[in-house]
Structure formats: C-alpha cells, structure tokens
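Asker: Compact mmCIF, C-alpha atoms and all ligand atoms, saved as final_13.txt, coming up:
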# COMPACT_ATOMS: atom_id res chain seq x y z
CA MET J 1 -8.67 31.69 -45.72
CA THR J 2 -7.27 30.33 -48.98
CA ARG J 3 -3.81 31.53 -49.94
CA VAL J 4 -2.65 31.23 -53.52
CA VAL J 5 1.14 31.32 -53.29
CA LEU J 6 2.75 32.13 -56.64
CA PHE J 7 6.48 31.72 -57.11
CA ASP J 8 8.67 33.38 -59.71
CA ILE J 9 11.23 30.93 -61.14
CA ASP J 10 14.62 32.49 -62.09
CA GLY J 11 16.37 34.01 -59.09
CA THR J 12 13.61 32.83 -56.76
CA LEU J 13 13.13 29.04 -56.92
CA LEU J 14 16.40 28.48 -58.75
CA ALA J 15 19.53 29.99 -60.23
CA SER J 16 19.58 29.22 -63.93
CA GLY J 17 23.31 29.82 -64.36
CA GLY J 18 22.63 31.92 -67.44
CA LEU J 19 20.84 29.06 -69.21
CA GLY J 20 17.85 31.17 -70.25
CA ARG J 21 20.00 34.02 -71.48
CA ARG J 22 22.33 31.79 -73.51
CA SER J 23 19.36 30.07 -75.13
CA MET J 24 17.65 33.38 -75.91
CA GLU J 25 20.83 34.96 -77.29
CA GLY J 26 21.34 31.95 -79.56
CA ALA J 27 17.80 32.31 -80.93
CA LEU J 28 18.10 36.11 -81.32
CA MET J 29 21.36 35.71 -83.25
CA VAL J 30 19.77 33.26 -85.69
CA HIS J 31 16.62 35.29 -86.33
CA PHE J 32 17.88 38.89 -86.01
CA GLY J 33 21.64 38.55 -86.49
CA THR J 34 22.30 40.24 -83.13
CA ILE J 35 21.86 39.49 -79.44
CA GLY J 36 20.96 43.12 -78.72
CA PRO J 37 22.68 45.28 -76.09
CA THR J 38 24.76 43.19 -73.69
CA HIS J 39 23.79 45.53 -70.81
CA TYR J 40 20.06 44.77 -71.27
CA ARG J 41 18.84 42.87 -68.20
CA TYR J 42 16.53 39.88 -68.49
CA ASP J 43 15.52 39.53 -64.83
CA GLY J 44 11.93 40.50 -64.02
CA LYS J 45 11.00 40.50 -67.73
CA THR J 46 8.71 38.20 -69.70
CA ASP J 47 10.25 36.25 -72.57
CA ARG J 48 8.27 38.20 -75.19
CA GLN J 49 9.20 41.48 -73.49
CA ILE J 50 12.89 40.48 -73.64
CA VAL J 51 12.66 39.85 -77.38
CA ARG J 52 10.75 43.08 -78.04
CA GLU J 53 12.80 45.43 -75.86
CA SER J 54 16.22 44.09 -76.80
CA MET J 55 15.42 44.06 -80.53
CA ARG J 56 13.90 47.56 -80.40
CA MET J 57 17.20 48.70 -78.84
CA ALA J 58 19.00 46.96 -81.71
CA GLY J 59 16.95 49.06 -84.16
CA PHE J 60 14.18 46.69 -85.24
CA GLY J 61 10.56 47.74 -85.55
CA ASP J 62 7.57 46.04 -83.95
CA ALA J 63 6.24 44.67 -87.25
CA GLU J 64 9.41 42.66 -87.83
CA ILE J 65 9.65 41.67 -84.16
CA ASP J 66 6.03 40.45 -84.14
CA ALA J 67 6.54 38.54 -87.40
CA LYS J 68 9.50 36.63 -85.93
CA MET J 69 8.32 36.29 -82.32
CA ASP J 70 6.70 32.84 -82.35
CA VAL J 71 9.32 31.08 -84.45
CA LEU J 72 12.08 32.68 -82.36
CA LEU J 73 10.50 31.48 -79.11
CA ALA J 74 10.13 27.97 -80.56
CA ASP J 75 13.86 28.06 -81.40
CA TYR J 76 14.61 29.35 -77.89
CA LEU J 77 12.69 26.42 -76.36
CA GLN J 78 14.55 23.91 -78.53
CA ARG J 79 17.86 25.33 -77.34
CA LEU J 80 16.69 25.24 -73.73
CA GLU J 81 15.50 21.64 -74.07
CA HIS J 82 18.72 20.57 -75.77
CA THR J 83 20.88 22.04 -72.99
CA VAL J 84 18.67 20.70 -70.19
CA SER J 85 18.68 17.18 -71.64
CA SER J 86 22.48 17.32 -72.06
CA GLY J 87 22.66 17.59 -68.26
CA GLU J 88 25.19 20.46 -68.52
CA HIS J 89 22.71 23.22 -67.81
CA GLY J 90 24.10 24.76 -64.61
CA VAL J 91 20.62 25.12 -63.06
CA ARG J 92 20.42 24.69 -59.30
CA MET J 93 17.63 25.05 -56.82
CA HIS J 94 18.05 27.73 -54.17
CA LEU J 95 18.71 26.70 -50.57
CA GLY J 96 15.60 26.25 -48.44
CA ILE J 97 13.22 25.83 -51.38
CA PRO J 98 12.54 22.08 -50.94
CA ALA J 99 11.58 22.51 -47.27
CA LEU J 100 9.53 25.64 -48.00
CA LEU J 101 7.53 23.97 -50.79
CA ASP J 102 6.92 20.90 -48.61
CA ALA J 103 5.72 23.07 -45.73
CA LEU J 104 3.40 25.13 -47.96
CA GLU J 105 1.92 22.01 -49.59
CA ALA J 106 1.21 20.58 -46.16
CA ARG J 107 -1.09 23.52 -45.36
CA ASP J 108 -4.71 22.92 -46.37
CA GLU J 109 -5.32 26.59 -47.10
CA VAL J 110 -2.39 26.96 -49.50
CA VAL J 111 -2.60 26.52 -53.26
CA LEU J 112 0.90 26.42 -54.73
CA GLY J 113 1.47 28.09 -58.08
CA LEU J 114 3.78 29.97 -60.44
CA LEU J 115 3.89 33.53 -61.70
CA THR J 116 6.74 33.84 -64.16
CA GLY J 117 7.87 35.65 -67.28
CA ASN J 118 8.95 32.33 -68.75
CA VAL J 119 6.79 30.90 -71.52
CA ALA J 120 5.06 27.85 -70.00
CA PRO J 121 7.20 25.12 -71.66
CA GLY J 122 10.38 27.00 -70.63
CA ALA J 123 9.12 27.17 -67.05
CA SER J 124 8.68 23.38 -66.98
CA LEU J 125 12.12 22.76 -68.49
CA LYS J 126 13.86 24.98 -65.94
CA LEU J 127 11.97 23.44 -63.00
CA ARG J 128 12.80 19.90 -64.15
CA ALA J 129 16.46 20.86 -64.58
CA ALA J 130 16.46 22.01 -60.94
CA GLY J 131 14.85 18.74 -59.83
CA LEU J 132 11.40 20.22 -59.20
CA ASP J 133 8.23 18.56 -60.50
CA PRO J 134 6.24 21.24 -62.39
CA ALA J 135 3.00 19.42 -61.44
CA ARG J 136 3.44 20.52 -57.82
CA PHE J 137 2.44 24.01 -58.96
CA ARG J 138 -1.32 23.69 -59.39
CA VAL J 139 -2.04 27.08 -60.90
CA GLY J 140 0.04 29.54 -62.87
CA ALA J 141 0.42 32.49 -65.17
CA PHE J 142 3.29 32.59 -67.65
CA GLY J 143 5.09 34.79 -70.12
CA SER J 144 3.18 32.90 -72.81
CA ASP J 145 -0.11 34.24 -71.38
CA HIS J 146 0.84 37.91 -71.65
CA GLU J 147 3.88 40.00 -72.60
CA HIS J 148 3.20 42.51 -69.82
CA ARG J 149 3.98 41.11 -66.36
CA PRO J 150 1.39 43.22 -64.47
CA ALA J 151 -1.29 41.41 -66.52
CA LEU J 152 -0.26 38.03 -65.08
CA PRO J 153 -1.60 38.21 -61.50
CA ALA J 154 -5.22 38.63 -62.66
CA ILE J 155 -4.79 35.65 -65.01
CA ALA J 156 -3.50 33.50 -62.14
CA GLN J 157 -6.36 34.78 -59.95
CA GLN J 158 -8.97 33.73 -62.54
CA ARG J 159 -7.36 30.30 -62.98
CA ALA J 160 -7.23 29.73 -59.22
CA ALA J 161 -10.92 30.67 -58.94
CA ALA J 162 -11.85 28.32 -61.79
CA MET J 163 -9.87 25.49 -60.21
CA LEU J 164 -11.31 26.02 -56.72
CA GLY J 165 -14.85 26.73 -57.93
CA ARG J 166 -15.11 29.98 -55.95
CA ASP J 167 -13.89 33.56 -56.04
CA VAL J 168 -10.33 34.25 -54.90
CA ALA J 169 -9.76 37.72 -53.43
CA GLY J 170 -6.73 39.70 -54.56
CA ASP J 171 -5.37 39.82 -51.03
CA ALA J 172 -5.49 36.00 -50.88
CA ILE J 173 -2.74 35.95 -53.49
CA VAL J 174 0.94 36.05 -52.55
CA ILE J 175 3.50 36.82 -55.24
CA ILE J 176 7.07 35.80 -54.45
CA GLY J 177 9.97 37.05 -56.53
CA ASP J 178 13.46 38.46 -56.73
CA THR J 179 12.93 41.72 -58.66
CA PRO J 180 11.04 45.01 -58.32
CA ALA J 181 8.87 43.84 -61.23
CA ASP J 182 7.67 40.90 -59.10
CA VAL J 183 6.96 43.22 -56.17
CA GLU J 184 4.99 45.69 -58.28
CA CYS J 185 3.06 43.44 -60.66
CA GLY J 186 0.37 42.41 -58.16
CA ARG J 187 -0.56 45.88 -56.93
CA GLY J 188 -3.46 46.14 -59.37
CA ILE J 189 -5.29 43.23 -57.73
CA GLY J 190 -4.14 43.96 -54.16
CA ALA J 191 -1.87 40.92 -53.94
CA ARG J 192 0.75 40.50 -51.24
CA ALA J 193 4.34 40.70 -52.47
CA VAL J 194 7.19 38.85 -50.79
CA ALA J 195 10.64 39.74 -52.09
CA VAL J 196 13.71 37.52 -51.81
CA ALA J 197 17.29 38.66 -52.42
CA THR J 198 18.52 35.46 -54.09
CA GLY J 199 18.59 37.10 -57.53
CA HIS J 200 20.49 40.25 -58.51
CA PHE J 201 18.72 42.70 -56.18
CA THR J 202 19.73 43.26 -52.54
CA THR J 203 17.22 43.30 -49.67
CA GLU J 204 17.69 47.10 -49.48
CA ALA J 205 16.98 47.58 -53.18
CA LEU J 206 13.86 45.39 -52.97
CA ALA J 207 12.63 47.04 -49.75
CA ALA J 208 12.52 50.38 -51.59
CA PHE J 209 9.54 48.99 -53.57
CA GLN J 210 7.65 48.29 -50.34
CA PRO J 211 6.81 44.61 -50.50
CA HIS J 212 4.86 43.07 -47.59
CA ALA J 213 8.11 41.40 -46.55
CA VAL J 214 11.63 41.02 -47.86
CA VAL J 215 13.98 38.19 -46.91
CA GLU J 216 17.63 37.47 -47.69
CA ASP J 217 16.80 33.90 -48.77
CA PHE J 218 14.52 31.02 -47.75
CA THR J 219 16.96 29.13 -45.54
CA ASP J 220 15.01 30.04 -42.38
CA LEU J 221 11.71 28.22 -42.80
CA ASP J 222 9.84 29.97 -39.96
CA THR J 223 10.76 33.42 -41.29
CA ALA J 224 9.71 32.42 -44.78
CA LEU J 225 6.35 31.00 -43.68
CA ARG J 226 5.64 34.10 -41.58
CA ALA J 227 6.37 36.37 -44.53
CA ILE J 228 4.14 34.35 -46.86
CA CYS J 229 1.26 33.22 -44.65
CA ASP J 230 0.86 35.46 -41.58
CA ASN J 231 -1.62 38.32 -41.62
MG MG Z 301 13.10 36.25 -61.22
Would you write the structure of this file as structure tokens?
Ligand SMILES: [Mg+2]

Answerer:
Amino acid sequence: MTRVVLFDIDGTLLASGGLGRRSMEGALMVHFGTIGPTHYRYDGKTDRQIVRESMRMAGFGDAEIDAKMDVLLADYLQRLEHTVSSGEHGVRMHLGIPALLDALEARDEVVLGLLTGNVAPGASLKLRAAGLDPARFRVGAFGSDHEHRPALPAIAQQRAAAMLGRDVAGDAIVIIGDTPADVECGRGIGARAVAVATGHFTTEALAAFQPHAVVEDFTDLDTALRAICDN
C-alpha cells in the first residue's frame, strides 16, 4: 500500500531559531507599524493566518489585512532570503531526520512530501538553510495554497493522486508535526497523525489530541518507522 508521508517543517524537520518570526515581525512592522501581540504563537499556524490573526488582535480589519497581505508576504520572503543567504540564520535540522528521510525514501511504497503552513518559497528557503534539498519532497501542500491548515491535507492528497496517476486513500496519508494543529488537520480525510515533541509541545500535551503515535523525537529510527509505516 502506498504511503504519502507529509512532514511539517518548523519544530518537526528543523528548529528555525526564530528566523521565521523575526522575518515576519520585520514585515509586519513595515506594513502595519506593529508586530502584534508578543504572546501570539506562530507554531501550527499558516503564514497568512499569522498575519490575519495577529493584525486582527492589533485592531486592524480584514479589508486592510487582505489589501496588504501579498505585498507583506513578499517582503517577509525577502527578509527570510536575505538572512538565509547571510549564513547567520540559526536554522538547524533536528536529530535523526537525515536517517529517517533516507530510510523512508528507500521504501518503494513511500512518497515523501510536505504539509506546512509556510508559503512554498519560505518552505524551500528554510529547508535549504537546514541543509535539506526541497526536491526530496515530491508532493506538498503549503500555506500559500490555503490560509486554513485543515484544508491542506486534501490538497496534498489530490496532488499525490495526480502525480501517481491513481487515487490515494485518506488513510494512506501520514501527517507528521509538532503541534495539535498538525495532529487535527488531517481528521477530515482520515489521515494518520504522528506527533513529535521537538517543537514547543510535550509528548503529554500532544497525546491529549489522540494522534496515531507520539514520539519524543526521531533519534530512534525503528520507533519512528513503526509510528509512521506500521498498520
Ligand atoms: Mg511545526
């Protein structure tokens, strides 16, 4: 049976060291004159959702937010690219990821992919900064495809089916991430969720959302492969 294995990026494949947040705050300050509430959390959110929710909290209306959204995200990407190319980005891949990706790619039934709230160019920049080739991920759904994360699994499912030339069942899809939003987003299509506590949520906090499996990290390859691939 085919398995489409979709990784979240921040907190899951890598630790961005605050790179995304700094770049977003810089763009928000230029276009709205505020970074929004400092307690507002970015993890588990799509980029467009971050802009909308934080600027609503800062008192802006949707008309103004929508009018500035695309130019703000272009500014955000420029800041991200500038910092990544400077080399002083602070991004690092999580332990165990290289071996896990190699092992998954070696399995004929596995299609490796991404499911992330990052807009697609931001996803590529962060992966490259961590030393990962974005082309290894053959299918994906991004924050640039939809503002609402629960809409992303069906988009990835359709793209996987188009690429493979056959239907892909919801339960053939595995969504791997570090937040409750990752765990919950695939329920609508019956996807399997695997949670990993390498972001800001503990294994206990993630387990409360009832993923198929929850792991501390991906340093134990056998445990990781069992969680992702076993029935
Ligand atoms: Mg994440």

Asker: Would you list the residues that come within 12 Å of ligand MG 301 (chain Z)? Count all atoms listed in the file and give the answer as a PyMOL selection string.

Answerer: chain J and resi 7-16+20+41-47+114-118+123+149+175-183+195-201

Asker: Smallest atom-to-atom distance to Ala120 of chain J: which of J:Leu100, J:Met24, J:Leu77, J:Ala67, using all atoms listed in the file?

Answerer: J:Leu77

Asker: Neighbouring residues of Gln210 of chain J were defined as those with any atom within 9 Å, considering all atoms listed in the file; residues of the same chain fewer than 4 positions away were excluded. Please report them as a PDB file with C-alpha atoms, in the coordinates of the input.

Answerer:
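Written output follows (around_21.pdb):
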ATOM      1  CA  VAL J 183       6.960  43.220 -56.170  1.00  0.00           C
ATOM      2  CA  GLU J 184       4.990  45.690 -58.280  1.00  0.00           C
ATOM      3  CA  ALA J 193       4.340  40.700 -52.470  1.00  0.00           C
ATOM      4  CA  LEU J 206      13.860  45.390 -52.970  1.00  0.00           C
ATOM      5  CA  VAL J 214      11.630  41.020 -47.860  1.00  0.00           C
TER       6      VAL J 214
END

Asker: Can you pull out the residues contacting Ala74 of chain J? Cut-off 12 Å, using all atoms listed in the file, and skip same-chain residues under 5 positions away; I want them as a list in words.

Answerer: Ser23, Met24, Gly26, Ala27, Leu28, His31, Asp47, Arg48, Lys68, Met69, Arg79, Leu80, Glu81, Val119, Ala120, Pro121, Gly122 and Ser144 of chain J

Asker: Would you write out those residues with C-alpha atoms, as an mmCIF file, in the frame of the given file?

Answerer:
data_model
loop_
_atom_site.group_PDB
_atom_site.id
_atom_site.type_symbol
_atom_site.label_atom_id
_atom_site.label_comp_id
_atom_site.auth_asym_id
_atom_site.auth_seq_id
_atom_site.Cartn_x
_atom_site.Cartn_y
_atom_site.Cartn_z
ATOM 1 C CA SER J 23 19.360 30.070 -75.130
ATOM 2 C CA MET J 24 17.650 33.380 -75.910
ATOM 3 C CA GLY J 26 21.340 31.950 -79.560
ATOM 4 C CA ALA J 27 17.800 32.310 -80.930
ATOM 5 C CA LEU J 28 18.100 36.110 -81.320
ATOM 6 C CA HIS J 31 16.620 35.290 -86.330
ATOM 7 C CA ASP J 47 10.250 36.250 -72.570
ATOM 8 C CA ARG J 48 8.270 38.200 -75.190
ATOM 9 C CA LYS J 68 9.500 36.630 -85.930
ATOM 10 C CA MET J 69 8.320 36.290 -82.320
ATOM 11 C CA ARG J 79 17.860 25.330 -77.340
ATOM 12 C CA LEU J 80 16.690 25.240 -73.730
ATOM 13 C CA GLU J 81 15.500 21.640 -74.070
ATOM 14 C CA VAL J 119 6.790 30.900 -71.520
ATOM 15 C CA ALA J 120 5.060 27.850 -70.000
ATOM 16 C CA PRO J 121 7.200 25.120 -71.660
ATOM 17 C CA GLY J 122 10.380 27.000 -70.630
ATOM 18 C CA SER J 144 3.180 32.900 -72.810
#

Asker: Take atom CA of Cys185 of chain J and atom CA of Gly140 of chain J and report the distance between them in Å, one decimal.

Answerer: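 Interatomic distance, atom CA of Cys185 of chain J to atom CA of Gly140 of chain J: 14.4 Å.
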
Asker: Find the residues near Arg128 of chain J: any atom within 10 Å, counting all atoms listed in the file, skip ones fewer than 6 places away on the same chain, and give them as a PyMOL selection string.

Answerer: chain J and resi 84-85+91+122+134

Asker: May I ask which of the residues J:Phe218, J:Phe32, J:Arg166, J:Pro150 is the closest one to Gly188 of chain J, counting only C-alpha atoms?

Answerer: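 Closest residue, counting only C-alpha atoms: J:Pro150.
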
Asker: When you draw a straight line from atom CA of Arg138 of chain J to atom CA of Gln49 of chain J, how long is it in Å?

Answerer: 25.0 Å

Asker: Nearest to Glu64 of chain J: which of J:Val51, J:Ala141, J:Leu132, J:Ala160 is it, counting all atoms listed in the file?

Answerer: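 Closest candidate: J:Val51.
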
Asker: One decimal, in Å: what's the spacing between atom CA of Arg136 of chain J and atom CA of Arg187 of chain J?

Answerer: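 A separation of 25.7 Å between them.
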
Asker: Please tell me which residues are no farther than 8 Å from (4.0, 32.3, -48.7) in the file, counting only C-alpha atoms, and write them as a list in words.

Answerer: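 The answer, in the requested form, is Arg3, Val5, Leu104, Val174, Ile175, Ile176, Val194, Ala224, Leu225, Arg226, Ala227, Ile228 and Cys229 of chain J.
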
Asker: Excluding same-chain residues fewer than 3 positions from Tyr40 of chain J, what lies within 10 Å of it counting all atoms listed in the file, as a list in words?

Answerer: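 Counting all atoms listed in the file, the residues come to Ile35, Gly36, Pro37, Asp43, Ile50, Glu53, Ser54 and Met57 of chain J.
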